[in-house]
file upload.tsv (TSV, C-alpha atoms (C1' of nucleotides))
chain	number	residue	atom	x	y	z
A	2	MET	CA	72.00	-22.37	28.65
A	3	THR	CA	72.41	-25.01	25.96
A	4	LEU	CA	70.65	-24.74	22.65
A	5	GLU	CA	68.36	-27.62	23.54
A	6	GLU	CA	67.23	-25.83	26.70
A	7	GLN	CA	66.63	-22.60	24.85
A	8	LEU	CA	64.64	-24.15	22.07
A	9	LYS	CA	62.94	-26.58	24.41
A	10	GLN	CA	63.77	-29.23	21.91
A	11	LYS	CA	65.01	-32.65	22.89
A	12	GLU	CA	66.99	-33.52	19.84
A	13	PHE	CA	67.98	-32.42	16.38
A	14	LYS	CA	67.86	-34.48	13.24
A	15	THR	CA	71.59	-34.15	12.67
A	16	LYS	CA	74.58	-32.78	14.54
A	17	ARG	CA	75.15	-30.41	11.64
A	18	GLN	CA	71.65	-29.04	11.99
A	19	ARG	CA	72.23	-28.43	15.68
A	20	ALA	CA	75.50	-26.63	15.00
A	21	TYR	CA	73.87	-24.60	12.24
A	22	LEU	CA	71.02	-23.43	14.47
A	23	ASN	CA	73.44	-22.77	17.28
A	24	VAL	CA	75.41	-20.36	15.09
A	25	VAL	CA	72.26	-18.45	14.24
A	26	TYR	CA	71.05	-18.42	17.83
A	27	THR	CA	74.43	-17.43	19.28
A	28	ALA	CA	74.75	-14.57	16.81
A	29	SER	CA	71.35	-13.25	17.80
A	30	VAL	CA	72.38	-13.32	21.46
A	31	LEU	CA	75.63	-11.51	20.69
A	32	ASN	CA	73.86	-8.97	18.49
A	33	LEU	CA	71.28	-8.20	21.13
A	34	GLU	CA	73.99	-7.79	23.72
A	35	GLN	CA	75.92	-5.35	21.55
A	36	THR	CA	72.80	-3.44	20.62
A	37	ARG	CA	72.09	-2.90	24.31
A	38	LEU	CA	75.66	-1.86	24.92
A	39	PHE	CA	75.40	0.85	22.28
A	40	LYS	CA	71.97	2.08	23.19
A	41	PRO	CA	73.07	4.48	25.95
A	42	PHE	CA	75.32	6.14	23.38
A	43	GLY	CA	72.47	6.66	20.94
A	44	LEU	CA	74.05	4.38	18.39
A	45	SER	CA	72.82	1.22	16.73
A	46	LEU	CA	75.16	-1.69	16.13
A	47	GLN	CA	75.35	-0.91	12.42
A	48	GLN	CA	75.92	2.78	12.96
A	49	TYR	CA	78.81	1.84	15.23
A	50	ASN	CA	80.24	-0.44	12.55
A	51	VAL	CA	80.18	2.38	10.01
A	52	LEU	CA	81.97	4.71	12.42
A	53	ARG	CA	84.62	2.04	12.99
A	54	ILE	CA	85.23	1.69	9.27
A	55	LEU	CA	85.57	5.46	8.94
A	56	ARG	CA	87.99	5.69	11.83
A	57	GLY	CA	90.07	2.97	10.21
A	58	GLN	CA	90.66	5.31	7.28
A	59	ASN	CA	92.52	7.87	9.37
A	60	GLY	CA	90.87	10.86	7.81
A	61	THR	CA	90.81	9.65	4.21
A	62	PRO	CA	87.28	10.10	2.85
A	63	VAL	CA	85.45	6.92	2.02
A	64	SER	CA	82.67	6.26	-0.47
A	65	ILE	CA	79.29	4.73	0.37
A	66	GLY	CA	80.22	1.72	-1.77
A	67	LEU	CA	83.38	1.02	0.18
A	68	ILE	CA	81.48	1.20	3.47
A	69	GLN	CA	78.90	-1.20	2.07
A	70	GLU	CA	81.64	-3.64	1.05
A	71	ARG	CA	83.18	-3.72	4.49
A	72	MET	CA	79.99	-4.06	6.48
A	73	LEU	CA	79.62	-7.32	8.32
A	74	ASP	CA	76.04	-7.55	7.20
A	75	ILE	CA	75.78	-8.46	3.60
A	76	GLN	CA	73.69	-6.06	1.58
A	77	SER	CA	73.09	-3.62	4.35
A	78	ASN	CA	72.09	-0.18	3.29
A	79	ALA	CA	75.01	2.12	3.94
A	80	SER	CA	73.27	5.09	2.35
A	81	ARG	CA	70.57	5.21	4.99
A	82	LEU	CA	72.97	4.47	7.82
A	83	ILE	CA	75.06	7.45	6.78
A	84	ASP	CA	71.86	9.53	6.82
A	85	LYS	CA	71.36	8.76	10.48
A	86	LEU	CA	74.98	9.43	11.37
A	87	GLU	CA	74.90	12.71	9.47
A	88	ASP	CA	71.80	13.76	11.41
A	89	LYS	CA	73.76	13.16	14.61
A	90	LYS	CA	76.72	15.17	13.26
A	91	LEU	CA	79.00	12.17	13.61
A	92	VAL	CA	79.97	12.07	9.93
A	93	ILE	CA	80.20	14.53	7.04
A	94	ARG	CA	78.97	13.69	3.54
A	95	LYS	CA	80.38	15.61	0.61
A	96	VAL	CA	80.06	15.09	-3.12
A	97	CYS	CA	83.37	13.89	-4.56
A	98	PRO	CA	84.70	16.53	-6.96
A	99	ASN	CA	86.37	14.01	-9.28
A	100	ASP	CA	83.31	11.84	-9.62
A	101	LYS	CA	80.09	13.58	-8.79
A	102	ARG	CA	78.29	10.27	-8.38
A	103	GLN	CA	80.42	9.40	-5.40
A	104	MET	CA	80.12	10.64	-1.86
A	105	GLU	CA	83.06	11.35	0.38
A	106	ILE	CA	82.27	10.39	3.93
A	107	THR	CA	84.49	11.37	6.84
A	108	ILE	CA	84.08	10.94	10.56
A	109	THR	CA	83.83	14.13	12.61
A	110	HIS	CA	85.71	14.99	15.78
A	111	GLU	CA	82.47	14.33	17.63
A	112	GLY	CA	82.21	10.92	15.96
A	113	LEU	CA	85.73	10.01	17.04
A	114	LYS	CA	84.92	11.09	20.58
A	115	VAL	CA	81.90	8.79	20.76
A	116	LEU	CA	83.95	5.88	19.39
A	117	LEU	CA	86.63	6.46	22.00
A	118	GLU	CA	84.06	6.27	24.77
A	119	LEU	CA	82.74	3.05	23.31
A	120	ASP	CA	86.15	1.39	23.01
A	121	THR	CA	86.34	0.81	26.73
A	122	VAL	CA	82.82	-0.53	26.97
A	123	ILE	CA	83.39	-2.95	24.10
A	124	ALA	CA	86.72	-4.16	25.41
A	125	SER	CA	85.25	-4.92	28.80
A	126	ASN	CA	82.40	-6.79	27.17
A	127	GLU	CA	84.73	-8.87	25.04
A	128	SER	CA	86.79	-9.79	28.05
A	129	ASN	CA	83.76	-11.73	29.29
A	130	ILE	CA	84.19	-14.26	26.53
A	131	GLN	CA	85.23	-17.51	28.14
A	132	LEU	CA	87.23	-18.97	25.26
A	133	THR	CA	90.96	-19.64	25.29
A	134	ASP	CA	93.05	-18.61	22.29
A	135	GLY	CA	93.11	-22.19	21.10
A	136	GLU	CA	89.35	-22.52	21.37
A	137	ALA	CA	88.81	-19.22	19.60
A	138	ASP	CA	91.03	-20.39	16.73
A	139	MET	CA	89.19	-23.66	16.51
A	140	LEU	CA	85.81	-21.92	16.49
A	141	ASN	CA	87.06	-19.60	13.78
A	142	ASP	CA	88.22	-22.49	11.60
A	143	LEU	CA	84.99	-24.42	12.06
A	144	LEU	CA	82.91	-21.40	11.07
A	145	ASN	CA	85.01	-20.86	7.97
A	146	LYS	CA	84.50	-24.50	7.09
A	147	LEU	CA	80.77	-24.27	7.74
A	148	ARG	CA	80.53	-21.47	5.19
A	149	GLU	CA	82.43	-23.43	2.54
A	150	ASN	CA	80.39	-24.68	-0.37
A	151	GLN	CA	77.49	-22.57	0.69
A	152	LYS	CA	76.33	-20.93	-2.45
A	153	SER	CA	75.41	-17.58	-0.99
A	154	LYS	CA	76.89	-14.49	-2.48
B	1	MET	CA	86.27	-16.97	1.91
B	2	THR	CA	87.89	-16.33	5.27
B	3	LEU	CA	86.65	-13.63	7.58
B	4	GLU	CA	89.75	-11.52	6.94
B	5	GLU	CA	89.11	-11.56	3.21
B	6	GLN	CA	85.50	-10.64	3.65
B	7	LEU	CA	86.17	-7.76	5.99
B	8	LYS	CA	89.33	-6.75	4.13
B	9	GLN	CA	90.98	-6.59	7.48
B	10	LYS	CA	94.49	-7.84	8.08
B	11	GLU	CA	94.26	-8.72	11.72
B	12	PHE	CA	92.06	-8.66	14.76
B	13	LYS	CA	93.01	-7.44	18.19
B	14	THR	CA	92.35	-10.80	19.79
B	15	LYS	CA	91.52	-14.29	18.64
B	16	ARG	CA	88.34	-14.06	20.65
B	17	GLN	CA	87.30	-10.95	18.79
B	18	ARG	CA	87.88	-12.70	15.49
B	19	ALA	CA	85.81	-15.69	16.58
B	20	TYR	CA	83.08	-13.41	17.90
B	21	LEU	CA	82.79	-11.48	14.63
B	22	ASN	CA	82.96	-14.69	12.68
B	23	VAL	CA	79.89	-16.01	14.50
B	24	VAL	CA	77.94	-12.88	13.65
B	25	TYR	CA	79.12	-12.89	10.05
B	26	THR	CA	78.49	-16.59	9.53
B	27	ALA	CA	74.99	-16.29	10.93
B	28	SER	CA	74.18	-13.47	8.54
B	29	VAL	CA	75.39	-15.59	5.63
B	30	LEU	CA	73.29	-18.54	6.78
B	31	ASN	CA	70.26	-16.35	7.38
B	32	LEU	CA	70.47	-14.76	3.97
B	33	GLU	CA	70.81	-18.16	2.38
B	34	GLN	CA	67.72	-19.47	4.15
B	35	THR	CA	65.76	-16.34	3.39
B	36	ARG	CA	66.45	-16.86	-0.31
B	37	LEU	CA	65.51	-20.49	-0.05
B	38	PHE	CA	62.10	-19.58	1.36
B	39	LYS	CA	61.40	-16.66	-0.92
B	40	PRO	CA	59.96	-18.71	-3.82
B	41	PHE	CA	57.45	-20.13	-1.35
B	42	GLY	CA	56.33	-16.70	-0.23
B	43	LEU	CA	57.58	-17.28	3.29
B	44	SER	CA	60.09	-15.41	5.39
B	45	LEU	CA	62.54	-17.26	7.61
B	46	GLN	CA	60.61	-16.32	10.72
B	47	GLN	CA	57.27	-17.26	9.25
B	48	TYR	CA	58.75	-20.65	8.42
B	49	ASN	CA	59.98	-21.03	11.98
B	50	VAL	CA	56.50	-20.36	13.32
B	51	LEU	CA	54.98	-22.94	10.99
B	52	ARG	CA	57.58	-25.48	12.15
B	53	ILE	CA	56.69	-24.88	15.77
B	54	LEU	CA	53.00	-25.31	14.99
B	55	ARG	CA	53.59	-28.53	13.08
B	56	GLY	CA	55.56	-29.83	16.04
B	57	GLN	CA	52.38	-29.64	18.12
B	58	ASN	CA	50.57	-32.21	15.98
B	59	GLY	CA	47.32	-30.32	15.90
B	60	THR	CA	47.29	-29.10	19.49
B	61	PRO	CA	46.57	-25.37	19.45
B	62	VAL	CA	49.42	-23.19	20.65
B	63	SER	CA	49.36	-19.74	22.25
B	64	ILE	CA	51.23	-16.69	20.95
B	65	GLY	CA	53.34	-16.74	24.09
B	66	LEU	CA	54.48	-20.29	23.55
B	67	ILE	CA	55.47	-19.52	19.98
B	68	GLN	CA	57.41	-16.51	21.19
B	69	GLU	CA	59.26	-18.63	23.74
B	70	ARG	CA	60.37	-21.13	21.15
B	71	MET	CA	61.49	-18.70	18.50
B	72	LEU	CA	65.20	-18.69	17.83
B	73	ASP	CA	65.20	-14.93	17.77
B	74	ILE	CA	64.92	-13.53	21.20
B	75	GLN	CA	62.07	-11.07	21.62
B	76	SER	CA	60.67	-11.54	18.18
B	77	ASN	CA	57.13	-10.48	17.67
B	78	ALA	CA	55.03	-13.58	17.27
B	79	SER	CA	51.79	-11.63	17.20
B	80	ARG	CA	52.65	-9.89	13.95
B	81	LEU	CA	54.16	-12.99	12.40
B	82	ILE	CA	50.90	-14.81	13.00
B	83	ASP	CA	49.10	-11.92	11.31
B	84	LYS	CA	51.04	-12.54	8.13
B	85	LEU	CA	50.51	-16.28	8.25
B	86	GLU	CA	46.81	-15.79	8.88
B	87	ASP	CA	46.59	-13.53	5.83
B	88	LYS	CA	48.09	-16.35	3.78
B	89	LYS	CA	45.61	-18.85	5.28
B	90	LEU	CA	48.46	-20.96	6.63
B	91	VAL	CA	47.31	-20.73	10.24
B	92	ILE	CA	44.06	-20.20	12.12
B	93	ARG	CA	43.79	-17.91	15.12
B	94	LYS	CA	40.98	-18.46	17.58
B	95	VAL	CA	40.27	-17.01	20.99
B	96	CYS	CA	40.81	-19.63	23.68
B	97	PRO	CA	37.46	-20.33	25.38
B	98	ASN	CA	39.03	-21.05	28.77
B	99	ASP	CA	41.12	-17.91	28.84
B	100	LYS	CA	39.87	-15.21	26.55
B	101	ARG	CA	43.23	-13.40	26.69
B	102	GLN	CA	44.90	-16.30	24.96
B	103	MET	CA	44.88	-17.16	21.30
B	104	GLU	CA	44.79	-20.68	19.97
B	105	ILE	CA	46.90	-20.95	16.86
B	106	THR	CA	46.79	-24.01	14.64
B	107	ILE	CA	48.41	-24.73	11.31
B	108	THR	CA	46.04	-25.32	8.39
B	109	HIS	CA	46.16	-28.13	5.88
B	110	GLU	CA	47.53	-25.61	3.41
B	111	GLY	CA	50.25	-24.65	5.90
B	112	LEU	CA	51.29	-28.25	6.33
B	113	LYS	CA	51.44	-28.64	2.57
B	114	VAL	CA	53.82	-25.71	2.20
B	115	LEU	CA	56.03	-27.06	4.99
B	116	LEU	CA	56.18	-30.43	3.33
B	117	GLU	CA	57.39	-28.87	0.10
B	118	LEU	CA	60.03	-26.97	2.01
B	119	ASP	CA	61.34	-30.01	3.89
B	120	THR	CA	63.10	-31.32	0.81
B	121	VAL	CA	64.61	-27.97	-0.07
B	122	ILE	CA	65.94	-27.47	3.46
B	123	ALA	CA	67.35	-30.96	3.73
B	124	SER	CA	69.22	-30.60	0.48
B	125	ASN	CA	70.59	-27.28	1.64
B	126	GLU	CA	71.77	-28.69	4.94
B	127	SER	CA	73.51	-31.53	3.19
B	128	ASN	CA	75.89	-28.96	1.72
B	129	ILE	CA	77.39	-28.33	5.13
B	130	GLN	CA	80.94	-29.65	5.05
B	131	LEU	CA	81.29	-30.52	8.72
B	132	THR	CA	81.77	-34.03	10.09
B	133	ASP	CA	79.74	-35.11	13.11
B	134	GLY	CA	82.77	-34.57	15.31
B	135	GLU	CA	83.33	-31.09	14.00
B	136	ALA	CA	79.65	-30.22	14.36
B	137	ASP	CA	79.76	-31.35	18.00
B	138	MET	CA	82.87	-29.32	18.64
B	139	LEU	CA	81.36	-26.24	17.05
B	140	ASN	CA	78.26	-26.70	19.14
B	141	ASP	CA	80.26	-26.93	22.36
B	142	LEU	CA	82.37	-23.89	21.52
B	143	LEU	CA	79.29	-21.81	20.80
B	144	ASN	CA	77.71	-22.86	24.08
B	145	LYS	CA	80.90	-21.86	25.85
B	146	LEU	CA	81.04	-18.55	24.01
B	147	ARG	CA	77.60	-17.69	25.35
B	148	GLU	CA	78.51	-18.56	28.93
B	149	ASN	CA	78.84	-15.65	31.30
B	150	GLN	CA	77.33	-13.34	28.77
B	151	LYS	CA	74.84	-11.33	30.68
B	152	SER	CA	72.16	-11.17	28.03
B	153	LYS	CA	68.64	-12.18	28.85
C	1	DG	C1'	33.84	-10.38	46.40
C	2	DC	C1'	36.38	-6.53	44.96
C	3	DA	C1'	40.63	-3.75	44.10
C	4	DA	C1'	45.27	-4.52	42.74
C	5	DA	C1'	48.55	-7.16	40.41
C	6	DT	C1'	49.63	-10.08	36.75
C	7	DT	C1'	49.26	-12.18	32.23
C	8	DA	C1'	48.44	-12.57	27.13
C	9	DT	C1'	48.34	-10.21	23.29
C	10	DA	C1'	48.36	-6.18	20.34
C	11	DT	C1'	50.15	-1.91	18.57
C	12	DG	C1'	53.10	2.24	17.79
C	13	DT	C1'	57.80	3.83	16.72
C	14	DA	C1'	62.65	3.61	15.43
C	15	DT	C1'	65.93	0.92	13.29
C	16	DA	C1'	67.58	-2.36	10.01
C	17	DT	C1'	67.71	-5.79	6.00
C	18	DA	C1'	66.55	-7.44	1.34
C	19	DC	C1'	65.21	-6.44	-2.91
C	20	DA	C1'	63.66	-3.68	-6.84
C	21	DT	C1'	63.94	0.29	-9.09
C	22	DA	C1'	65.32	5.07	-10.25
C	23	DC	C1'	68.49	8.37	-11.73
C	24	DA	C1'	72.44	11.01	-12.57
C	25	DA	C1'	77.35	10.79	-13.68
C	26	DT	C1'	80.91	8.43	-15.87
C	27	DT	C1'	83.03	5.13	-18.95
C	28	DT	C1'	82.93	2.32	-23.16
C	29	DG	C1'	82.67	1.00	-27.85
C	30	DC	C1'	82.15	2.27	-32.23
D	8	DG	C1'	82.16	12.49	-29.92
D	9	DC	C1'	77.94	10.30	-29.07
D	10	DA	C1'	74.79	6.43	-27.82
D	11	DA	C1'	74.87	2.53	-24.83
D	12	DA	C1'	76.42	0.37	-20.83
D	13	DT	C1'	78.01	0.71	-16.30
D	14	DT	C1'	78.60	2.67	-11.76
D	15	DG	C1'	77.40	5.01	-7.34
D	16	DT	C1'	73.96	6.31	-4.63
D	17	DA	C1'	69.21	7.03	-3.25
D	18	DT	C1'	64.58	5.60	-2.39
D	19	DG	C1'	60.25	2.81	-2.09
D	20	DT	C1'	58.21	-1.39	-0.13
D	21	DA	C1'	57.81	-5.55	2.65
D	22	DT	C1'	59.57	-7.82	6.47
D	23	DA	C1'	61.56	-8.14	10.97
D	24	DT	C1'	63.51	-6.77	15.65
D	25	DA	C1'	63.63	-4.14	20.00
D	26	DC	C1'	61.35	-1.59	23.04
D	27	DA	C1'	57.57	0.94	25.21
D	28	DT	C1'	53.06	1.13	26.03
D	29	DA	C1'	48.08	-0.16	25.89
D	30	DT	C1'	44.22	-3.03	26.92
D	31	DA	C1'	41.40	-6.69	28.15
D	32	DA	C1'	41.04	-10.91	30.86
D	33	DT	C1'	42.37	-13.41	34.74
D	34	DT	C1'	44.35	-14.23	39.28
D	35	DT	C1'	45.62	-12.66	43.91
D	36	DG	C1'	45.30	-10.83	48.47
D	37	DC	C1'	42.69	-9.06	51.82

call {"tool": "encode", "arguments": {"input": "upload.tsv", "output": "C-alpha cells"}}
result
Amino acid sequence: MTLEEQLKQKEFKTKRQRAYLNVVYTASVLNLEQTRLFKPFGLSLQQYNVLRILRGQNGTPVSIGLIQERMLDIQSNASRLIDKLEDKKLVIRKVCPNDKRQMEITITHEGLKVLLELDTVIASNESNIQLTDGEADMLNDLLNKLRENQKSK
Amino acid sequence: MTLEEQLKQKEFKTKRQRAYLNVVYTASVLNLEQTRLFKPFGLSLQQYNVLRILRGQNGTPVSIGLIQERMLDIQSNASRLIDKLEDKKLVIRKVCPNDKRQMEITITHEGLKVLLELDTVIASNESNIQLTDGEADMLNDLLNKLRENQKSK
DNA sequence: GCAAATTATATGTATATACATACAATTTGC
DNA sequence: GCAAATTGTATGTATATACATATAATTTGC
C-alpha cells in the first residue's frame, strides 16, 4: 500500500513532506510488527532491546545510564524497563560497590535463553524485507541526510 | 550523526537490518522534534493530526471511525484524543441524528485558529529538511518497497 | 417484525515516552 | 575537608498505543 492510499490523501504539499510522513508511517508499521512478534514471548519491543544491549556486553555489568544511551528511542526510561525485566527474572540489578549511585545490570541465563529463541523469529522476519543491498544502503544514506540539520537532541 | 554513532555499534548483520533500524530511529527523532514543536501550543502530535483531519473536511462533520482510519498511527485511539480536544474546546462532539451510534466531530473556530498559528511553525521546520525533490522521491519509493510483503495489518 | 449479527464508540489495563522533579552518592573547588 | 555542583537513578504525571471487552444502535436474515 502506498502512503497516499493509506492516508487517503491525494497529494502532499511537497515531496519532502511526503517522504517525512512516510518515514513516520513506515516506522509505526515496523514497530507494530515487531511488537506482535515479541508478544508471544511476553516481551515488549523495548524490553527486547534492553536484553540485546545486555547480551552484547558478554557478562560485563552495565549501568542504567549506559542502557539509556544505547536505546533506539531517545529519552526512554531504562529504569522502569529494567523493573519489568527484573520482575520476569530476565535480568539482575545490583548496587555497584564502587559507586553506590550506580546499578549493575546483568542478563540472566533465563534472559539469554529467551533471546536465543527470539533470534530465529527476528531473522525470519527480517528476511521478508524486499530491499537489495544497494537499496538498503541508499535508504540508509537518505535517512541520515534527512536527519541532518534537524535541531533535535 | 550516523546510526552507528548513535547506537555506538560498529556494524550490523545486514544492510537491510541497518536500514530497518534507521527508519525506526529516524522516525523517533522526527516525532520528538514535532512533539516539541507543538508543546508550546498545548497540543500533542496526535491531537494536531486530528485537528488537521478535521480542517480538511471544511466544516463537514466527521465520525470517530473516519478519524481513526486516517490517522498515521495504526490503531490509535481517536475516541480519547477527541476527549482531550473537546476539553480544550478545539472540537465539538455531537451525536449524529441519523445514526445515534455515530459521533459528529467538527473543529471549532478556536481550533482553526490554533492550526493556523501552527502552520507557519511546521512549514519552517519542514524547510530544514536537506533532501532534494529527487532524493525525497527516492526515499519515498524505498520506504514503500520496505513495507511490501510485510504481513502487518 | 424480531432475534442475531454487525457497527460505532467507549473504556479498562498494560506498556511506553516525555518531562519534571526528587534524592542520595560522588566529585569539585576553594 | 567541607559546601556546592554534578551524576545516576527513581518516581510522579500527562499523553499515547495496543489490545480486549463492553454497550448501545443499527442492519440482516428468516

call {"tool": "residues_around", "arguments": {"input": "upload.tsv", "residues": "Thr109 (chain A)", "least_positions_apart": "3", "cutoff": "10 Å", "atoms": "all atoms listed in the file", "output": "PDB file with C-alpha atoms, in the frame of the given file"}}
result
ATOM      1  CA  LEU A  52      81.970   4.710  12.420  1.00  0.00           C
ATOM      2  CA  LEU A  55      85.570   5.460   8.940  1.00  0.00           C
ATOM      3  CA  ARG A  56      87.990   5.690  11.830  1.00  0.00           C
ATOM      4  CA  GLY A  60      90.870  10.860   7.810  1.00  0.00           C
ATOM      5  CA  GLU A  87      74.900  12.710   9.470  1.00  0.00           C
ATOM      6  CA  LYS A  90      76.720  15.170  13.260  1.00  0.00           C
ATOM      7  CA  LEU A  91      79.000  12.170  13.610  1.00  0.00           C
ATOM      8  CA  VAL A  92      79.970  12.070   9.930  1.00  0.00           C
ATOM      9  CA  ILE A  93      80.200  14.530   7.040  1.00  0.00           C
ATOM     10  CA  ILE A 106      82.270  10.390   3.930  1.00  0.00           C
ATOM     11  CA  GLY A 112      82.210  10.920  15.960  1.00  0.00           C
ATOM     12  CA  LEU A 113      85.730  10.010  17.040  1.00  0.00           C
ATOM     13  CA  LYS A 114      84.920  11.090  20.580  1.00  0.00           C
ATOM     14  CA  VAL A 115      81.900   8.790  20.760  1.00  0.00           C
TER      15      VAL A 115
END

call {"tool": "interface_residues", "arguments": {"input": "upload.tsv", "of": "chain A", "to": "chain B", "cutoff": "7 Å", "atoms": "only C-alpha atoms", "output": "JSON, numbers by chain"}}
result
{"A": [3, 8, 9, 16, 17, 20, 23, 24, 25, 26, 27, 28, 29, 30, 34, 71, 73, 74, 129, 130, 131, 132, 134, 137, 138, 140, 141, 143, 144, 145, 146, 147, 148, 149, 150, 151, 153]}

call {"tool": "write_last_selection", "arguments": {"input": "upload.tsv", "atoms": "C-alpha atoms", "output": "PDB file, in the frame of the given file"}}
result
ATOM      1  CA  THR A   3      72.410 -25.010  25.960  1.00  0.00           C
ATOM      2  CA  LEU A   8      64.640 -24.150  22.070  1.00  0.00           C
ATOM      3  CA  LYS A   9      62.940 -26.580  24.410  1.00  0.00           C
ATOM      4  CA  LYS A  16      74.580 -32.780  14.540  1.00  0.00           C
ATOM      5  CA  ARG A  17      75.150 -30.410  11.640  1.00  0.00           C
ATOM      6  CA  ALA A  20      75.500 -26.630  15.000  1.00  0.00           C
ATOM      7  CA  ASN A  23      73.440 -22.770  17.280  1.00  0.00           C
ATOM      8  CA  VAL A  24      75.410 -20.360  15.090  1.00  0.00           C
ATOM      9  CA  VAL A  25      72.260 -18.450  14.240  1.00  0.00           C
ATOM     10  CA  TYR A  26      71.050 -18.420  17.830  1.00  0.00           C
ATOM     11  CA  THR A  27      74.430 -17.430  19.280  1.00  0.00           C
ATOM     12  CA  ALA A  28      74.750 -14.570  16.810  1.00  0.00           C
ATOM     13  CA  SER A  29      71.350 -13.250  17.800  1.00  0.00           C
ATOM     14  CA  VAL A  30      72.380 -13.320  21.460  1.00  0.00           C
ATOM     15  CA  GLU A  34      73.990  -7.790  23.720  1.00  0.00           C
ATOM     16  CA  ARG A  71      83.180  -3.720   4.490  1.00  0.00           C
ATOM     17  CA  LEU A  73      79.620  -7.320   8.320  1.00  0.00           C
ATOM     18  CA  ASP A  74      76.040  -7.550   7.200  1.00  0.00           C
ATOM     19  CA  ASN A 129      83.760 -11.730  29.290  1.00  0.00           C
ATOM     20  CA  ILE A 130      84.190 -14.260  26.530  1.00  0.00           C
ATOM     21  CA  GLN A 131      85.230 -17.510  28.140  1.00  0.00           C
ATOM     22  CA  LEU A 132      87.230 -18.970  25.260  1.00  0.00           C
ATOM     23  CA  ASP A 134      93.050 -18.610  22.290  1.00  0.00           C
ATOM     24  CA  ALA A 137      88.810 -19.220  19.600  1.00  0.00           C
ATOM     25  CA  ASP A 138      91.030 -20.390  16.730  1.00  0.00           C
ATOM     26  CA  LEU A 140      85.810 -21.920  16.490  1.00  0.00           C
ATOM     27  CA  ASN A 141      87.060 -19.600  13.780  1.00  0.00           C
ATOM     28  CA  LEU A 143      84.990 -24.420  12.060  1.00  0.00           C
ATOM     29  CA  LEU A 144      82.910 -21.400  11.070  1.00  0.00           C
ATOM     30  CA  ASN A 145      85.010 -20.860   7.970  1.00  0.00           C
ATOM     31  CA  LYS A 146      84.500 -24.500   7.090  1.00  0.00           C
ATOM     32  CA  LEU A 147      80.770 -24.270   7.740  1.00  0.00           C
ATOM     33  CA  ARG A 148      80.530 -21.470   5.190  1.00  0.00           C
ATOM     34  CA  GLU A 149      82.430 -23.430   2.540  1.00  0.00           C
ATOM     35  CA  ASN A 150      80.390 -24.680  -0.370  1.00  0.00           C
ATOM     36  CA  GLN A 151      77.490 -22.570   0.690  1.00  0.00           C
ATOM     37  CA  SER A 153      75.410 -17.580  -0.990  1.00  0.00           C
TER      38      SER A 153
END

call {"tool": "interface_residues", "arguments": {"input": "upload.tsv", "of": "chain D", "to": "chain B", "cutoff": "12 Å", "atoms": "all atoms listed in the file", "output": "list in words"}}
result
DA21, DT22, DA23, DT24, DA25, DC26, DT30, DA31, DA32, DT33 and DT34 of chain D

call {"tool": "interface_residues", "arguments": {"input": "upload.tsv", "of": "chain C", "to": "chain B", "cutoff": "12 Å", "atoms": "all atoms listed in the file", "output": "PyMOL selection string"}}
result
chain C and resi 7-11+17-19

call {"tool": "atom_distance", "arguments": {"input": "upload.tsv", "atom1": "CA of Leu115 (chain B)", "atom2": "CA of Gln68 (chain B)"}}
result
19.4 Å

call {"tool": "atom_distance", "arguments": {"input": "upload.tsv", "atom1": "C1' of DT6 (chain C)", "atom2": "CA of Arg93 (chain B)"}}
result
23.7 Å

call {"tool": "atom_distance", "arguments": {"input": "upload.tsv", "atom1": "CA of Thr61 (chain A)", "atom2": "CA of Thr107 (chain A)"}}
result
7.1 Å

call {"tool": "residues_around", "arguments": {"input": "upload.tsv", "residues": "DC37 (chain D)", "least_positions_apart": "3", "cutoff": "12 Å", "atoms": "all atoms listed in the file", "output": "JSON, numbers by chain"}}
result
{"C": [1, 2, 3, 4]}

call {"tool": "decode", "arguments": {"input": "upload.tsv", "residues": "region 34-45 of chain B", "atoms": "C-alpha atoms", "output": "PDB file, in the first residue's frame"}}
result
ATOM      1  CA  GLN B  34       7.404  17.583  16.218  1.00  0.00           C
ATOM      2  CA  THR B  35       6.217  16.897  19.732  1.00  0.00           C
ATOM      3  CA  ARG B  36       8.465  19.695  20.987  1.00  0.00           C
ATOM      4  CA  LEU B  37       7.249  21.983  18.256  1.00  0.00           C
ATOM      5  CA  PHE B  38       3.647  21.502  19.366  1.00  0.00           C
ATOM      6  CA  LYS B  39       4.252  21.651  23.078  1.00  0.00           C
ATOM      7  CA  PRO B  40       4.125  25.462  23.396  1.00  0.00           C
ATOM      8  CA  PHE B  41       0.679  25.316  21.804  1.00  0.00           C
ATOM      9  CA  GLY B  42      -0.582  22.794  24.324  1.00  0.00           C
ATOM     10  CA  LEU B  43      -1.090  20.161  21.663  1.00  0.00           C
ATOM     11  CA  SER B  44       0.341  16.698  21.272  1.00  0.00           C
ATOM     12  CA  LEU B  45       1.391  15.392  17.875  1.00  0.00           C
TER      13      LEU B  45
END
